[in-house]
file final.txt (compact mmCIF, C-alpha atoms)
# COMPACT_ATOMS: atom_id res chain seq x y z
CA MET A 1 103.13 89.98 113.03
CA LEU A 2 104.06 90.92 109.46
CA LEU A 3 103.43 88.42 106.73
CA GLN A 4 106.75 86.59 106.70
CA CYS A 5 106.26 83.40 104.78
CA LEU A 6 103.95 83.88 101.84
CA GLY A 7 106.53 85.56 99.64
CA SER A 8 109.08 82.86 100.30
CA SER A 9 109.53 79.56 98.51
CA ALA A 10 110.65 78.05 101.84
CA CYS A 11 107.29 78.64 103.48
CA GLN A 12 105.40 75.54 104.52
CA PRO A 13 101.58 75.40 104.33
CA GLY A 14 100.02 76.68 107.53
CA GLU A 15 103.24 78.25 108.83
CA PHE A 16 102.66 81.33 111.02
CA PHE A 17 98.89 80.77 110.79
CA LYS A 18 96.52 80.64 113.74
CA SER A 19 94.19 77.72 114.12
CA PHE A 20 90.77 79.40 113.95
CA GLU A 21 88.63 80.82 111.15
CA ARG A 22 90.30 83.28 108.81
CA ILE A 23 89.27 86.73 107.58
CA VAL A 24 90.90 88.72 104.77
CA SER A 25 90.26 92.40 104.03
CA GLY A 26 92.00 95.50 102.67
CA VAL A 27 91.68 99.12 101.56
CA GLN A 28 93.08 100.82 98.47
CA PRO A 29 95.76 103.48 99.08
CA THR A 30 94.08 105.98 96.75
CA GLY A 31 92.86 109.41 97.75
CA THR A 32 92.33 110.00 101.46
CA ILE A 33 90.90 107.43 103.87
CA HIS A 34 87.44 108.71 104.74
CA LEU A 35 84.66 107.93 107.18
CA GLY A 36 83.08 105.40 104.81
CA ASN A 37 86.32 103.39 104.64
CA TYR A 38 86.66 103.57 108.40
CA LEU A 39 83.09 102.64 109.39
CA GLY A 40 82.61 100.20 106.54
CA ALA A 41 85.88 98.35 107.04
CA ILE A 42 88.74 99.40 109.32
CA LYS A 43 86.75 100.08 112.51
CA ASN A 44 85.18 96.64 112.27
CA TRP A 45 88.58 94.96 111.95
CA ILE A 46 89.57 95.81 115.52
CA PRO A 47 87.28 93.32 117.33
CA LEU A 48 87.75 90.80 114.52
CA GLN A 49 91.51 90.57 115.11
CA ASN A 50 90.81 89.27 118.63
CA THR A 51 88.51 86.50 117.41
CA TYR A 52 89.74 85.43 113.97
CA ASP A 53 92.97 84.74 112.12
CA THR A 54 93.08 88.11 110.33
CA PHE A 55 94.92 89.30 107.22
CA PHE A 56 94.61 93.07 106.64
CA PHE A 57 96.53 94.34 103.65
CA ILE A 58 96.94 97.48 101.56
CA VAL A 59 95.62 96.70 98.10
CA ASP A 60 98.01 98.76 95.98
CA LEU A 61 97.67 96.54 92.89
CA HIS A 62 93.97 97.43 92.72
CA ALA A 63 94.92 101.11 92.93
CA ILE A 64 96.73 101.03 89.57
CA THR A 65 93.62 100.05 87.57
CA LEU A 66 93.15 103.82 87.06
CA PRO A 67 95.81 106.47 86.24
CA TYR A 68 98.19 107.10 89.14
CA GLU A 69 101.51 108.76 90.08
CA THR A 70 104.19 106.39 91.36
CA GLN A 71 105.52 108.64 94.13
CA GLN A 72 102.04 109.55 95.31
CA LEU A 73 101.02 105.88 95.43
CA SER A 74 104.09 105.01 97.49
CA LYS A 75 103.33 107.85 99.91
CA ALA A 76 99.67 106.90 100.13
CA THR A 77 100.62 103.28 100.88
CA ARG A 78 102.70 104.38 103.88
CA GLU A 79 99.96 106.72 105.07
CA THR A 80 97.36 103.96 104.78
CA ALA A 81 99.57 101.68 106.88
CA ALA A 82 99.80 104.43 109.50
CA ILE A 83 96.00 104.83 109.47
CA TYR A 84 95.57 101.08 110.03
CA LEU A 85 97.76 101.26 113.13
CA ALA A 86 96.19 104.51 114.35
CA CYS A 87 92.74 102.93 114.16
CA GLY A 88 93.84 100.05 116.37
CA VAL A 89 95.04 97.29 114.04
CA ASP A 90 97.58 95.34 116.10
CA THR A 91 100.43 93.70 114.20
CA SER A 92 100.91 91.24 117.05
CA LYS A 93 97.39 89.90 116.39
CA ALA A 94 96.89 90.43 112.65
CA SER A 95 99.05 89.92 109.56
CA VAL A 96 99.47 93.35 107.95
CA PHE A 97 101.20 93.74 104.60
CA VAL A 98 101.20 95.35 101.17
CA GLN A 99 99.53 93.36 98.40
CA SER A 100 102.26 93.87 95.78
CA HIS A 101 104.92 92.58 98.21
CA VAL A 102 103.44 89.09 97.91
CA ARG A 103 103.82 88.07 94.28
CA ALA A 104 101.52 85.08 94.74
CA HIS A 105 98.55 87.47 94.43
CA ALA A 106 99.37 88.27 90.81
CA GLU A 107 100.48 84.71 90.03
CA LEU A 108 97.24 83.18 91.28
CA MET A 109 95.25 85.85 89.46
CA TRP A 110 96.76 84.72 86.15
CA LEU A 111 95.91 81.09 86.85
CA LEU A 112 92.36 81.99 87.89
CA SER A 113 91.95 84.15 84.76
CA SER A 114 92.33 81.04 82.63
CA ALA A 115 89.28 79.56 84.36
CA THR A 116 87.13 82.73 84.43
CA PRO A 117 84.50 83.16 81.68
CA VAL A 118 84.60 86.64 80.14
CA GLY A 119 80.83 86.79 80.45
CA TRP A 120 81.11 86.74 84.23
CA LEU A 121 83.32 89.85 84.18
CA ASN A 122 81.11 91.71 81.72
CA LYS A 123 78.28 91.52 84.25
CA MET A 124 80.17 93.43 86.93
CA ILE A 125 78.22 96.60 87.71
CA GLN A 126 81.21 98.69 88.82
CA PHE A 127 83.04 98.00 85.54
CA LYS A 128 79.98 99.02 83.56
CA GLU A 129 79.60 102.26 85.50
CA LYS A 130 83.28 103.30 85.32
CA SER A 131 83.74 102.35 81.67
CA ARG A 132 80.59 104.24 80.74
CA LYS A 133 81.89 107.38 82.46
CA ALA A 134 85.44 107.19 81.11
CA GLY A 135 84.79 105.63 77.68
CA ASP A 136 86.19 102.36 76.36
CA GLU A 137 89.36 103.96 74.96
CA ASN A 138 90.27 105.34 78.39
CA VAL A 139 89.65 102.17 80.40
CA GLY A 140 92.38 99.54 80.82
CA VAL A 141 91.82 95.80 80.79
CA ALA A 142 92.77 95.72 84.48
CA LEU A 143 89.50 97.45 85.36
CA LEU A 144 87.66 94.54 83.76
CA THR A 145 89.79 91.81 85.32
CA TYR A 146 90.39 93.22 88.78
CA PRO A 147 87.55 91.11 90.28
CA VAL A 148 89.77 88.11 89.43
CA LEU A 149 92.60 89.75 91.40
CA MET A 150 90.15 90.27 94.25
CA ALA A 151 89.28 86.57 94.07
CA SER A 152 93.00 85.79 94.17
CA ASP A 153 93.43 88.00 97.26
CA ILE A 154 90.75 86.01 99.07
CA LEU A 155 91.31 82.45 97.83
CA LEU A 156 95.09 82.61 98.26
CA TYR A 157 94.65 82.57 102.03
CA GLN A 158 91.79 80.04 102.17
CA SER A 159 89.57 82.68 103.78
CA ASP A 160 86.47 81.65 105.70
CA PHE A 161 84.90 85.13 105.80
CA VAL A 162 85.31 88.41 103.94
CA PRO A 163 83.99 91.68 105.43
CA VAL A 164 82.24 93.43 102.52
CA GLY A 165 79.99 96.40 101.94
CA GLU A 166 76.76 96.05 100.02
CA ASP A 167 78.44 97.28 96.82
CA GLN A 168 81.09 94.54 96.99
CA LYS A 169 78.72 91.59 97.37
CA GLN A 170 78.68 91.00 93.60
CA HIS A 171 82.47 90.69 93.49
CA LEU A 172 82.48 88.29 96.42
CA GLU A 173 79.81 86.22 94.69
CA LEU A 174 82.11 85.97 91.67
CA THR A 175 84.89 84.80 94.02
CA ARG A 176 82.60 82.11 95.42
CA GLU A 177 81.55 80.97 91.95
CA LEU A 178 85.15 80.91 90.78
CA ALA A 179 86.23 78.84 93.78
CA GLU A 180 83.45 76.34 93.08
CA ARG A 181 84.39 76.24 89.37
CA VAL A 182 88.08 75.56 90.06
CA ASN A 183 87.16 72.93 92.65
CA TYR A 184 84.96 71.22 90.05
CA LEU A 185 87.44 71.48 87.15
CA PHE A 186 90.66 70.63 88.98
CA GLY A 187 89.66 68.98 92.26
CA GLY A 188 87.86 65.76 93.03
CA ARG A 189 88.74 62.12 92.61
CA LYS A 190 89.43 62.22 88.88
CA TRP A 191 92.45 64.48 89.32
CA LYS A 192 93.67 62.54 92.34
CA LYS A 193 93.73 59.40 90.23
CA LEU A 194 95.89 61.26 87.71
CA GLY A 195 98.38 62.22 90.41
CA GLY A 196 96.87 65.57 91.36
CA ARG A 197 95.91 66.82 94.78
CA GLY A 198 92.22 65.99 94.47
CA GLY A 199 89.59 67.06 96.95
CA THR A 200 88.65 70.72 97.50
CA ILE A 201 91.27 73.17 96.30
CA PHE A 202 89.76 76.41 97.59
CA LYS A 203 87.46 77.21 100.48
CA VAL A 204 84.28 78.99 99.38
CA PRO A 205 84.26 82.17 101.53
CA GLU A 206 81.18 83.66 103.17
CA PRO A 207 80.40 87.41 103.35
CA LEU A 208 80.55 89.16 106.71
CA ILE A 209 78.46 92.34 106.54
CA PRO A 210 78.30 94.56 109.65
CA PRO A 211 74.73 95.42 110.76
CA GLU A 212 75.44 99.14 110.34
CA GLY A 213 78.09 101.22 108.62
CA ALA A 214 78.81 98.88 105.71
CA ARG A 215 77.62 101.55 103.32
CA VAL A 216 78.06 105.11 104.57
CA MET A 217 76.48 107.59 102.19
CA SER A 218 77.64 110.92 100.78
CA LEU A 219 77.08 114.12 102.74
CA THR A 220 75.80 115.79 99.58
CA ASP A 221 73.56 112.96 98.34
CA GLY A 222 72.09 110.43 100.74
CA ARG A 223 71.46 107.96 97.91
CA SER A 224 75.10 107.77 96.79
CA LYS A 225 77.95 106.04 98.59
CA MET A 226 80.62 108.17 100.29
CA SER A 227 83.51 107.87 97.87
CA LYS A 228 87.10 108.99 97.31
CA SER A 229 86.31 109.54 93.63
CA ASP A 230 83.60 112.16 94.26
CA SER A 231 84.83 115.48 92.87
CA SER A 232 83.51 117.38 95.92
CA ASP A 233 85.52 117.03 99.11
CA HIS A 234 82.41 118.22 100.97
CA SER A 235 80.77 114.88 100.15
CA ARG A 236 82.92 113.05 102.72
CA ILE A 237 84.57 113.33 106.12
CA ASN A 238 88.25 112.42 105.77
CA LEU A 239 89.78 110.77 108.82
CA LEU A 240 92.45 113.46 109.09
CA ASP A 241 90.19 116.48 108.48
CA PRO A 242 90.85 119.25 111.06
CA LYS A 243 88.10 120.17 113.49
CA ASP A 244 87.07 123.31 111.61
CA VAL A 245 86.83 121.41 108.33
CA ILE A 246 84.64 118.73 109.92
CA ALA A 247 82.39 121.40 111.43
CA ASN A 248 82.08 123.20 108.09
CA LYS A 249 81.26 120.00 106.18
CA ILE A 250 78.55 119.00 108.64
CA LYS A 251 77.16 122.53 108.66
CA ARG A 252 76.87 122.48 104.85
CA CYS A 253 75.78 118.83 104.40
CA LYS A 254 72.47 118.13 102.68
CA THR A 255 69.37 117.74 104.86
CA ASP A 256 65.62 118.08 104.29
CA SER A 257 62.78 120.33 105.42
CA ALA A 258 60.78 117.70 107.31
CA SER A 259 60.30 118.16 111.05
CA GLY A 260 61.99 115.80 113.50
CA LEU A 261 64.58 113.12 112.77
CA GLU A 262 63.98 109.43 112.05
CA PHE A 263 65.68 106.25 110.86
CA ASP A 264 64.72 104.13 107.84
CA ASN A 265 62.42 106.53 106.00
CA PRO A 266 63.17 105.94 102.29
CA GLU A 267 62.01 109.47 101.54
CA ARG A 268 64.68 110.87 103.89
CA PRO A 269 67.99 109.18 102.94
CA GLU A 270 70.16 112.02 104.28
CA CYS A 271 68.41 111.88 107.65
CA ASN A 272 68.96 108.12 107.95
CA ASN A 273 72.61 108.46 106.92
CA LEU A 274 73.43 111.23 109.40
CA LEU A 275 71.63 109.47 112.26
CA THR A 276 73.55 106.27 111.46
CA ILE A 277 76.86 108.14 111.47
CA TYR A 278 75.97 109.69 114.83
CA GLN A 279 74.97 106.30 116.21
CA LEU A 280 78.32 104.83 115.21
CA MET A 281 80.44 107.82 116.23
CA SER A 282 78.83 108.02 119.66
CA GLY A 283 79.93 104.45 120.38
CA ARG A 284 76.49 102.95 120.65
CA THR A 285 77.18 100.08 118.26
CA LYS A 286 80.28 98.64 119.92
CA GLU A 287 78.35 96.05 121.94
CA MET A 288 76.15 95.28 118.93
CA TYR A 289 79.11 94.34 116.75
CA HIS A 290 80.74 92.28 119.49
CA SER A 291 77.53 90.29 119.75
CA LYS A 292 77.72 89.55 116.03
CA ILE A 293 81.26 88.26 116.42
CA LEU A 294 80.15 85.99 119.23
CA HIS A 295 77.39 84.70 116.91
CA ASN A 296 74.73 85.54 119.49
CA LEU A 297 72.18 86.58 116.90
CA GLU A 298 69.29 86.96 119.31
CA LEU A 299 71.30 89.31 121.52
CA ASP A 300 72.61 91.08 118.43
CA ILE A 301 69.10 91.93 117.26
CA LYS A 302 68.10 93.16 120.72
CA ILE A 303 71.13 95.42 121.07
CA LEU A 304 70.75 96.74 117.52
CA ARG A 305 67.17 97.71 118.23
CA SER A 306 68.17 99.20 121.58
CA ALA A 307 70.99 101.30 120.10
CA SER A 308 68.83 102.58 117.25
CA SER A 309 65.99 103.23 119.66
CA GLU A 310 68.31 105.21 121.95
CA VAL A 311 69.45 107.52 119.17
CA ALA A 312 65.99 107.78 117.65
CA GLN A 313 64.49 108.74 121.00
CA GLU A 314 67.23 111.28 121.72
CA CYS A 315 66.99 112.95 118.32
CA GLN A 316 63.37 112.56 117.27
CA ASP A 317 62.35 116.11 118.25
CA MET A 318 65.60 117.87 117.36
CA ASN A 319 65.96 120.41 114.58
CA TRP A 320 68.85 120.16 112.17
CA GLY A 321 70.84 122.94 113.80
CA VAL A 322 70.95 121.21 117.18
CA PHE A 323 71.59 117.77 115.68
CA LYS A 324 74.44 118.97 113.46
CA SER A 325 76.13 120.42 116.53
CA ILE A 326 76.07 117.14 118.48
CA LEU A 327 77.04 115.17 115.37
CA THR A 328 80.04 117.45 114.84
CA ASP A 329 81.12 116.98 118.48
CA ALA A 330 80.74 113.19 118.20
CA LEU A 331 82.85 113.09 115.02
CA ILE A 332 85.61 115.28 116.45
CA ASP A 333 85.75 113.34 119.73
CA HIS A 334 85.86 109.96 117.98
CA LEU A 335 88.45 110.89 115.35
CA HIS A 336 90.73 112.92 117.64
CA PRO A 337 92.78 109.94 119.00
CA ILE A 338 93.21 108.55 115.46
CA GLN A 339 94.39 111.93 114.19
CA CYS A 340 96.81 112.42 117.08
CA TRP A 341 98.41 109.00 116.50
CA SER A 342 98.60 109.36 112.73
CA LEU A 343 99.79 112.97 112.64
CA GLY A 344 102.28 112.22 115.41
CA ALA A 345 103.74 109.44 113.31
CA LYS A 346 103.99 111.79 110.34
CA ALA A 347 105.82 114.36 112.43
CA LEU A 348 108.41 111.69 113.21
CA CYS A 349 108.68 110.84 109.49
CA GLY A 350 106.48 107.80 109.91
CA SER A 351 106.43 105.12 112.57
CA ALA A 352 108.91 102.29 112.23
CA THR A 353 106.09 99.76 112.10
CA ALA A 354 104.21 101.61 109.35
CA ASN A 355 107.40 101.84 107.29
CA ASP A 356 108.10 98.14 107.88
CA ILE A 357 104.66 97.27 106.54
CA SER A 358 104.91 99.50 103.46

call {"tool": "encode", "arguments": {"input": "final.txt", "output": "C-alpha cells"}}
result
Amino acid sequence: MLLQCLGSSACQPGEFFKSFERIVSGVQPTGTIHLGNYLGAIKNWIPLQNTYDTFFFIVDLHAITLPYETQQLSKATRETAAIYLACGVDTSKASVFVQSHVRAHAELMWLLSSATPVGWLNKMIQFKEKSRKAGDENVGVALLTYPVLMASDILLYQSDFVPVGEDQKQHLELTRELAERVNYLFGGRKWKKLGGRGGTIFKVPEPLIPPEGARVMSLTDGRSKMSKSDSSDHSRINLLDPKDVIANKIKRCKTDSASGLEFDNPERPECNNLLTIYQLMSGRTKEMYHSKILHNLELDIKILRSASSEVAQECQDMNWGVFKSILTDALIDHLHPIQCWSLGAKALCGSATANDIS
C-alpha cells in the first residue's frame, strides 16, 4: 500500500488510514545500510506492521543536510527501498514512500520553523558535534534545522509512537515540545472562537525503544555507535557484505584480554556489544519483542532475562576465538536471505515494487 493520498489536494483526512495506533519511522539513504540500522530500526518494523498503522519512509531530505551527489542519492534511495522489502516490510500492510515525494513534509517544516525558538535548536547535541568537526563555514543551516523537519515527519501523520534509538531521544523530545507549543499557541478555545479549528492540533508522540538493539556499537570501539559516517568500513557490518568480508571484520573486531564473556560490564563495552549482536542474530529476541508489542510487560521482562541468560550461559566460558566463529556463522545465516532477495532484485535491475516506491 503506497502512500496515495498525502501528496494530493483531493485527499480527505483519514483516507487510506487504518483505525489503530500509528507509528512513523524511516532511514536515510546515505552510505550503506548496516547492522545498526537493521537491528535498531528495520528489523523491529516487521512485527510492528502487523499491529500498528505503520508509515515507513526513506528520508532523502535529511540526507541532503551534508554534501551529496544527485545520481548517487537517487541510486541509494532505490537500494534502500529494496532493503526495506528484503527485510520483510510488506507494502500491503505498511505505507512505504520517499519523503521528498510528499511535499507536505517541507511545507509543514516551514510552518513549524516559525514557532520553533532558535535556542531549542542550539541545544541539539548532534548539531554541536557535527558543526565542531566540520567548522561553521562548512555546515549548512539545514543541519541546524533538520530536527524541525524530523518533527514535521512525525506530526504530519499524527503519530502515536516513534521507534527511536537512544541517540534520537533528544530530537523526539523536541518534537513533543513543539507539538505542545503549537497546540498552546494555535489550538484551544480562543482560536475556535475566532473561527479556527480549536482543540488539539497535533498528537504528542511517545518514544518506542526496543529492549535491545536500539544502539548497536562500533566493531572498533564499543563506546561509539555503529555509523555510516565512520571512516573505517571495519567498524560496521553492512547488510550486503559478502561472507568472507563479514568473517574478516569479526575476526579483526576489537575485544579485550579478560577471560570469559559477560553482559553489562561497563569495563567491557566490546564484549557486551558482541554478545548483544549474537543474541539478536541468533533469533533469541523475537519472542521478547513480540511481548513488548502486546504490552505484556511482565512477560517481556521474563523473556528478556531468559534470552540474555541463555546466551550468557552458553558463552560465559568461551574464548574469543570460539565465540567469533559462532558469531560469524549467526551473522551469515541471518543476513543470507536478505542478501539473496536484495541482490536478486538488483540482478533484475530492481524489483518493480522498489522502483514504484522510489

call {"tool": "closest_residue", "arguments": {"input": "final.txt", "among": "A:Val139, A:Leu172, A:Leu240, A:Leu331", "to": "Tyr278 of chain A", "atoms": "all atoms listed in the file"}}
result
A:Leu331

call {"tool": "residues_around", "arguments": {"input": "final.txt", "residues": "Thr220 of chain A", "least_positions_apart": "3", "cutoff": "8 Å", "atoms": "all atoms listed in the file", "output": "mmCIF file with C-alpha atoms, in the coordinates of the input"}}
result
data_model
loop_
_atom_site.group_PDB
_atom_site.id
_atom_site.type_symbol
_atom_site.label_atom_id
_atom_site.label_comp_id
_atom_site.auth_asym_id
_atom_site.auth_seq_id
_atom_site.Cartn_x
_atom_site.Cartn_y
_atom_site.Cartn_z
ATOM 1 C CA HIS A 234 82.410 118.220 100.970
ATOM 2 C CA SER A 235 80.770 114.880 100.150
ATOM 3 C CA CYS A 253 75.780 118.830 104.400
ATOM 4 C CA LYS A 254 72.470 118.130 102.680
#

call {"tool": "residues_near_point", "arguments": {"input": "final.txt", "point": "(85.4, 69.0, 91.8)", "cutoff": "10 Å", "atoms": "all atoms listed in the file", "output": "list in words"}}
result
Glu180, Arg181, Val182, Asn183, Tyr184, Leu185, Phe186, Gly187, Gly188, Arg189, Lys190, Trp191, Gly198, Gly199, Thr200 and Ile201 of chain A

call {"tool": "atom_distance", "arguments": {"input": "final.txt", "atom1": "atom CA of Asp264 of chain A", "atom2": "atom CA of Glu129 of chain A"}}
result
26.9 Å

call {"tool": "atom_distance", "arguments": {"input": "final.txt", "atom1": "atom CA of Val311 of chain A", "atom2": "atom CA of Gly40 of chain A"}}
result
19.7 Å

call {"tool": "atom_distance", "arguments": {"input": "final.txt", "atom1": "atom CA of Thr77 of chain A", "atom2": "atom CA of Asp160 of chain A"}}
result
26.3 Å

call {"tool": "closest_residue", "arguments": {"input": "final.txt", "among": "A:Leu261, A:Leu280, A:Val118, A:Leu275", "to": "Met318 of chain A", "atoms": "only C-alpha atoms"}}
result
A:Leu261
